[in-house]
Amino acid sequence: FSGAQLENPEAVDSGIFFTPNTDRTFVDASRHALPISTMLQDSQPRRNLKNLLLTVKRVGLFRGGSVKEELDSIRKWHIEHGFRGGLVLRELREDLYDDSFRHNITGLNKHANPNQIHQRECYYLYYEVRDNGQVKQQIFCRGTTLRADVLTNLNMKYKYDPELGCRLHAGFRNYADRLLHAVLPLLVSTTDKRSTIEVCGHSLGGAVALIMAAKLRKRGYTVVRATTIGLPKVCDRSAVPVLTLLLPVDISRIENDRDVVPNVPPQGSHVPACKLWFVRH
């Protein structure tokens, strides 16, 4: 899609879309030759643009403040936009990063504020029971926000994950495991085949969401969709075919064509997905 096709205030408000000068160009000049149809792979499910923009907006609802203030703000937005399900914003009781790794990083100890160790604004869960009894569950993971998140991003060694059987970015993997431990008690049992799960996230949250999607499917949950915005590289090259089989078919990666985050860590790799660039020429 080109920016001219996306004259929508939500595109700007989300912070994901650019509004550049008319002489804007792609960093990669070869992308100029790509017809718009190549932005959506034939093998990928087509997303409704309005719903996609709503998903982007919902990922960006984290505002900080107390648990009550944040929950009230997110709930108010959902009610105003016609969502009638429930919301959970849960306080985590485990560190969001490996404390031993923090002490091994010279000069970065100052980034690990002790008051930020137990963070609650990491994800929220939206759930809705439909008339046919189906339970729709959506997990939204926030991106890098706190100084302590820098440590998670820098823990970029790719380590073998025995559950998935492949090598993952250590920081993202550890973060995903902690969030997974927190959210599992809130999810409908795998025995209920009518329940579905969607995961969404921005930047660090996108990486966490993708790993969580693979692990949830591995454990028998019906994960039907993943949406990432500004996704960094979560795995090494050898892990790509493994994760491709584990992840849902419906994956969308939304990127700004000049955002550096999707290109790091440089030694990593991306899982194939429907990749969308939102730009204005």
# chains A, B, ... in the order shown; residues from 1 in each chain; ligands from 1
>>> residues_around(residues="Gln138 of chain A", least_positions_apart="5", cutoff="9 Å", atoms="only C-alpha atoms", output="VMD selection string")
chain A and resid 124 to 128 196 to 200
>>> write_last_selection(atoms="N, CA, C and O atoms", output="PDB file, in the first residue's frame")
ATOM      1  N   TYR A 124      -1.598  -6.736  27.694  1.00  0.00           N
ATOM      2  CA  TYR A 124      -2.972  -6.857  28.165  1.00  0.00           C
ATOM      3  C   TYR A 124      -3.679  -7.896  27.319  1.00  0.00           C
ATOM      4  O   TYR A 124      -3.310  -8.146  26.167  1.00  0.00           O
ATOM      5  N   LEU A 125      -4.651  -8.529  27.918  1.00  0.00           N
ATOM      6  CA  LEU A 125      -5.418  -9.587  27.274  1.00  0.00           C
ATOM      7  C   LEU A 125      -6.849  -9.117  27.077  1.00  0.00           C
ATOM      8  O   LEU A 125      -7.502  -8.667  28.019  1.00  0.00           O
ATOM      9  N   TYR A 126      -7.313  -9.209  25.843  1.00  0.00           N
ATOM     10  CA  TYR A 126      -8.713  -8.915  25.534  1.00  0.00           C
ATOM     11  C   TYR A 126      -9.404 -10.240  25.221  1.00  0.00           C
ATOM     12  O   TYR A 126      -8.861 -11.069  24.483  1.00  0.00           O
ATOM     13  N   TYR A 127     -10.575 -10.461  25.794  1.00  0.00           N
ATOM     14  CA  TYR A 127     -11.302 -11.697  25.516  1.00  0.00           C
ATOM     15  C   TYR A 127     -12.780 -11.380  25.298  1.00  0.00           C
ATOM     16  O   TYR A 127     -13.349 -10.473  25.909  1.00  0.00           O
ATOM     17  N   GLU A 128     -13.376 -12.129  24.409  1.00  0.00           N
ATOM     18  CA  GLU A 128     -14.769 -11.903  24.047  1.00  0.00           C
ATOM     19  C   GLU A 128     -15.443 -13.242  23.754  1.00  0.00           C
ATOM     20  O   GLU A 128     -14.922 -14.041  22.964  1.00  0.00           O
ATOM     21  N   THR A 196      -9.919 -19.254  20.294  1.00  0.00           N
ATOM     22  CA  THR A 196      -8.796 -18.884  19.436  1.00  0.00           C
ATOM     23  C   THR A 196      -7.967 -17.809  20.125  1.00  0.00           C
ATOM     24  O   THR A 196      -8.452 -17.096  21.011  1.00  0.00           O
ATOM     25  N   ILE A 197      -6.725 -17.689  19.681  1.00  0.00           N
ATOM     26  CA  ILE A 197      -5.798 -16.699  20.238  1.00  0.00           C
ATOM     27  C   ILE A 197      -5.148 -15.923  19.105  1.00  0.00           C
ATOM     28  O   ILE A 197      -4.766 -16.502  18.082  1.00  0.00           O
ATOM     29  N   GLU A 198      -5.032 -14.618  19.287  1.00  0.00           N
ATOM     30  CA  GLU A 198      -4.256 -13.771  18.397  1.00  0.00           C
ATOM     31  C   GLU A 198      -3.198 -13.058  19.231  1.00  0.00           C
ATOM     32  O   GLU A 198      -3.462 -12.691  20.379  1.00  0.00           O
ATOM     33  N   VAL A 199      -2.021 -12.860  18.677  1.00  0.00           N
ATOM     34  CA  VAL A 199      -0.964 -12.146  19.388  1.00  0.00           C
ATOM     35  C   VAL A 199      -0.536 -10.948  18.558  1.00  0.00           C
ATOM     36  O   VAL A 199      -0.512 -11.003  17.331  1.00  0.00           O
ATOM     37  N   CYS A 200      -0.222  -9.861  19.242  1.00  0.00           N
ATOM     38  CA  CYS A 200       0.155  -8.626  18.561  1.00  0.00           C
ATOM     39  C   CYS A 200       1.222  -7.924  19.394  1.00  0.00           C
ATOM     40  O   CYS A 200       1.237  -8.027  20.625  1.00  0.00           O
TER      41      CYS A 200
END
>>> closest_residue(among="A:Ala273, A:Val150, A:Leu184, A:Val264", to="Val240 of chain A", atoms="only C-alpha atoms")
A:Ala273
>>> residues_around(residues="Pro185 of chain A", least_positions_apart="6", cutoff="12 Å", atoms="only C-alpha atoms", output="list in words")
Val88, Arg90, Leu125 and Leu179 of chain A
>>> write_last_selection(atoms="all heavy atoms", output="tab-separated table (two decimals), in the first residue's frame")
chain	number	residue	atom	x	y	z
A	88	VAL	N	-7.83	-7.69	30.71
A	88	VAL	CA	-6.98	-7.98	31.86
A	88	VAL	C	-5.63	-7.33	31.63
A	88	VAL	O	-4.99	-7.55	30.61
A	88	VAL	CB	-6.78	-9.50	32.06
A	88	VAL	CG1	-5.83	-9.76	33.21
A	88	VAL	CG2	-8.12	-10.19	32.30
A	90	ARG	N	-2.31	-7.37	33.74
A	90	ARG	CA	-1.85	-8.10	34.91
A	90	ARG	C	-0.46	-7.67	35.36
A	90	ARG	O	0.43	-7.46	34.54
A	90	ARG	CB	-1.84	-9.60	34.61
A	90	ARG	CG	-1.68	-10.47	35.84
A	90	ARG	CD	-1.83	-11.93	35.49
A	90	ARG	NE	-1.84	-12.76	36.67
A	90	ARG	CZ	-1.86	-14.08	36.65
A	90	ARG	NH1	-1.89	-14.71	35.49
A	90	ARG	NH2	-1.86	-14.77	37.76
A	125	LEU	N	-4.65	-8.53	27.92
A	125	LEU	CA	-5.42	-9.59	27.27
A	125	LEU	C	-6.85	-9.12	27.08
A	125	LEU	O	-7.50	-8.67	28.02
A	125	LEU	CB	-5.39	-10.85	28.15
A	125	LEU	CG	-6.32	-12.00	27.72
A	125	LEU	CD1	-5.84	-12.63	26.43
A	125	LEU	CD2	-6.41	-13.05	28.83
A	179	LEU	N	6.29	-13.72	30.19
A	179	LEU	CA	4.92	-13.31	29.87
A	179	LEU	C	4.01	-14.51	29.67
A	179	LEU	O	2.85	-14.50	30.08
A	179	LEU	CB	4.92	-12.42	28.62
A	179	LEU	CG	4.86	-10.92	28.91
A	179	LEU	CD1	6.14	-10.47	29.61
A	179	LEU	CD2	4.66	-10.12	27.63
>>> closest_residue(among="A:Leu71, A:Val208, A:Leu53, A:Val129", to="Asn174 of chain A", atoms="only C-alpha atoms")
A:Val208
>>> closest_atom_pairs(of="segment 129-191 of chain A", to="segment 54-65 of chain A", cutoff="12 Å", atoms="only C-alpha atoms", output="Markdown table")
| residue | atom | partner | partner_atom | distance |
| --- | --- | --- | --- | --- |
| A:Gln138 | CA | A:Thr55 | CA | 10.0 |
| A:Ile139 | CA | A:Val59 | CA | 9.3 |
| A:Phe140 | CA | A:Val59 | CA | 5.8 |
| A:Cys141 | CA | A:Val59 | CA | 7.0 |
| A:Arg142 | CA | A:Phe62 | CA | 6.8 |
| A:Gly143 | CA | A:Gly60 | CA | 8.8 |
| A:Thr144 | CA | A:Phe62 | CA | 11.2 |
| A:Thr145 | CA | A:Gly64 | CA | 9.4 |
| A:Leu146 | CA | A:Gly64 | CA | 10.2 |
>>> write_last_selection(atoms="all heavy atoms", output="PDB file, in the first residue's frame")
ATOM      1  N   GLN A 138      -7.107 -12.135  22.602  1.00  0.00           N
ATOM      2  CA  GLN A 138      -6.069 -11.364  21.918  1.00  0.00           C
ATOM      3  C   GLN A 138      -5.073 -10.832  22.951  1.00  0.00           C
ATOM      4  O   GLN A 138      -5.465 -10.206  23.931  1.00  0.00           O
ATOM      5  CB  GLN A 138      -6.688 -10.196  21.145  1.00  0.00           C
ATOM      6  CG  GLN A 138      -7.617 -10.639  20.028  1.00  0.00           C
ATOM      7  CD  GLN A 138      -8.334  -9.467  19.382  1.00  0.00           C
ATOM      8  OE1 GLN A 138      -8.971  -8.663  20.050  1.00  0.00           O
ATOM      9  NE2 GLN A 138      -8.232  -9.371  18.071  1.00  0.00           N
ATOM     10  N   ILE A 139      -3.795 -11.093  22.697  1.00  0.00           N
ATOM     11  CA  ILE A 139      -2.731 -10.665  23.601  1.00  0.00           C
ATOM     12  C   ILE A 139      -1.950  -9.542  22.928  1.00  0.00           C
ATOM     13  O   ILE A 139      -1.441  -9.706  21.811  1.00  0.00           O
ATOM     14  CB  ILE A 139      -1.782 -11.827  23.933  1.00  0.00           C
ATOM     15  CG1 ILE A 139      -2.566 -13.007  24.526  1.00  0.00           C
ATOM     16  CG2 ILE A 139      -0.697 -11.371  24.905  1.00  0.00           C
ATOM     17  CD1 ILE A 139      -1.753 -14.278  24.653  1.00  0.00           C
ATOM     18  N   PHE A 140      -1.839  -8.406  23.601  1.00  0.00           N
ATOM     19  CA  PHE A 140      -1.126  -7.246  23.076  1.00  0.00           C
ATOM     20  C   PHE A 140       0.110  -6.969  23.936  1.00  0.00           C
ATOM     21  O   PHE A 140      -0.008  -6.757  25.143  1.00  0.00           O
ATOM     22  CB  PHE A 140      -2.032  -6.012  23.052  1.00  0.00           C
ATOM     23  CG  PHE A 140      -3.199  -6.145  22.110  1.00  0.00           C
ATOM     24  CD1 PHE A 140      -4.382  -6.736  22.526  1.00  0.00           C
ATOM     25  CD2 PHE A 140      -3.102  -5.690  20.802  1.00  0.00           C
ATOM     26  CE1 PHE A 140      -5.457  -6.876  21.661  1.00  0.00           C
ATOM     27  CE2 PHE A 140      -4.170  -5.816  19.928  1.00  0.00           C
ATOM     28  CZ  PHE A 140      -5.355  -6.411  20.355  1.00  0.00           C
ATOM     29  N   CYS A 141       1.283  -6.987  23.315  1.00  0.00           N
ATOM     30  CA  CYS A 141       2.548  -6.813  24.033  1.00  0.00           C
ATOM     31  C   CYS A 141       3.160  -5.459  23.681  1.00  0.00           C
ATOM     32  O   CYS A 141       3.283  -5.108  22.508  1.00  0.00           O
ATOM     33  CB  CYS A 141       3.530  -7.925  23.654  1.00  0.00           C
ATOM     34  SG  CYS A 141       2.890  -9.588  23.877  1.00  0.00           S
ATOM     35  N   ARG A 142       3.565  -4.711  24.700  1.00  0.00           N
ATOM     36  CA  ARG A 142       4.145  -3.391  24.451  1.00  0.00           C
ATOM     37  C   ARG A 142       5.589  -3.502  23.989  1.00  0.00           C
ATOM     38  O   ARG A 142       6.261  -4.503  24.225  1.00  0.00           O
ATOM     39  CB  ARG A 142       4.072  -2.521  25.698  1.00  0.00           C
ATOM     40  CG  ARG A 142       4.962  -2.976  26.841  1.00  0.00           C
ATOM     41  CD  ARG A 142       5.259  -1.807  27.782  1.00  0.00           C
ATOM     42  NE  ARG A 142       5.899  -2.264  29.010  1.00  0.00           N
ATOM     43  CZ  ARG A 142       7.179  -2.553  29.125  1.00  0.00           C
ATOM     44  NH1 ARG A 142       7.967  -2.479  28.067  1.00  0.00           N
ATOM     45  NH2 ARG A 142       7.687  -2.947  30.275  1.00  0.00           N
ATOM     46  N   GLY A 143       6.066  -2.445  23.349  1.00  0.00           N
ATOM     47  CA  GLY A 143       7.440  -2.407  22.877  1.00  0.00           C
ATOM     48  C   GLY A 143       8.384  -1.849  23.916  1.00  0.00           C
ATOM     49  O   GLY A 143       8.027  -1.675  25.089  1.00  0.00           O
ATOM     50  N   THR A 144       9.618  -1.566  23.496  1.00  0.00           N
ATOM     51  CA  THR A 144      10.626  -1.018  24.392  1.00  0.00           C
ATOM     52  C   THR A 144      10.146   0.321  24.937  1.00  0.00           C
ATOM     53  O   THR A 144       9.916   1.260  24.185  1.00  0.00           O
ATOM     54  CB  THR A 144      11.960  -0.841  23.655  1.00  0.00           C
ATOM     55  OG1 THR A 144      12.382  -2.111  23.151  1.00  0.00           O
ATOM     56  CG2 THR A 144      13.018  -0.278  24.579  1.00  0.00           C
ATOM     57  N   THR A 145      10.003   0.385  26.243  1.00  0.00           N
ATOM     58  CA  THR A 145       9.495   1.594  26.893  1.00  0.00           C
ATOM     59  C   THR A 145      10.389   2.017  28.054  1.00  0.00           C
ATOM     60  O   THR A 145      10.692   3.200  28.207  1.00  0.00           O
ATOM     61  CB  THR A 145       8.062   1.350  27.427  1.00  0.00           C
ATOM     62  OG1 THR A 145       7.230   0.913  26.354  1.00  0.00           O
ATOM     63  CG2 THR A 145       7.491   2.619  28.043  1.00  0.00           C
ATOM     64  N   LEU A 146      10.801   1.065  28.855  1.00  0.00           N
ATOM     65  CA  LEU A 146      11.574   1.337  30.055  1.00  0.00           C
ATOM     66  C   LEU A 146      13.067   1.219  29.783  1.00  0.00           C
ATOM     67  O   LEU A 146      13.494   0.530  28.862  1.00  0.00           O
ATOM     68  CB  LEU A 146      11.176   0.350  31.157  1.00  0.00           C
ATOM     69  CG  LEU A 146       9.683   0.242  31.439  1.00  0.00           C
ATOM     70  CD1 LEU A 146       9.416  -0.943  32.334  1.00  0.00           C
ATOM     71  CD2 LEU A 146       9.178   1.527  32.066  1.00  0.00           C
TER      72      LEU A 146
END
>>> atom_distance(atom1="atom CA of Lys76 of chain A", atom2="atom CA of Gly201 of chain A")
20.1 Å
>>> closest_residue(among="A:Pro262, A:Arg219, A:Thr191, A:Val224", to="Gly206 of chain A", atoms="only C-alpha atoms")
A:Pro262
>>> residues_around(residues="Val223 of chain A", least_positions_apart="5", cutoff="10 Å", atoms="only C-alpha atoms", output="list in words")
Gln137, Gln138, Ser195, Thr196, Ile197, Glu198, Val199, Met212, Ala213, Ala214, Lys215, Leu216, Arg217, Lys218, Leu247, Pro248, Val249 and Asp250 of chain A
>>> closest_residue(among="A:Val188, A:Leu243, A:Leu164, A:Ile229", to="Leu204 of chain A", atoms="only C-alpha atoms")
A:Ile229
>>> atom_distance(atom1="atom CA of Val260 of chain A", atom2="atom CA of Asp236 of chain A")
17.9 Å
>>> select_by_dssp(residues="segment 69-246 of chain A", states="alpha helix (DSSP H)", output="NGL selection string")
:A and (69-80 or 99-103 or 149-154 or 170-183 or 204-218 or 240-246)
>>> atom_distance(atom1="atom CA of Ser269 of chain A", atom2="atom CA of Cys235 of chain A")
5.6 Å
>>> closest_residue(among="A:Tyr123, A:Tyr160, A:Phe83, A:Trp77", to="His202 of chain A", atoms="only C-alpha atoms")
A:Tyr123
>>> closest_residue(among="A:Leu180, A:Val261, A:Ile254, A:Ile74", to="Cys274 of chain A", atoms="only C-alpha atoms")
A:Ile254
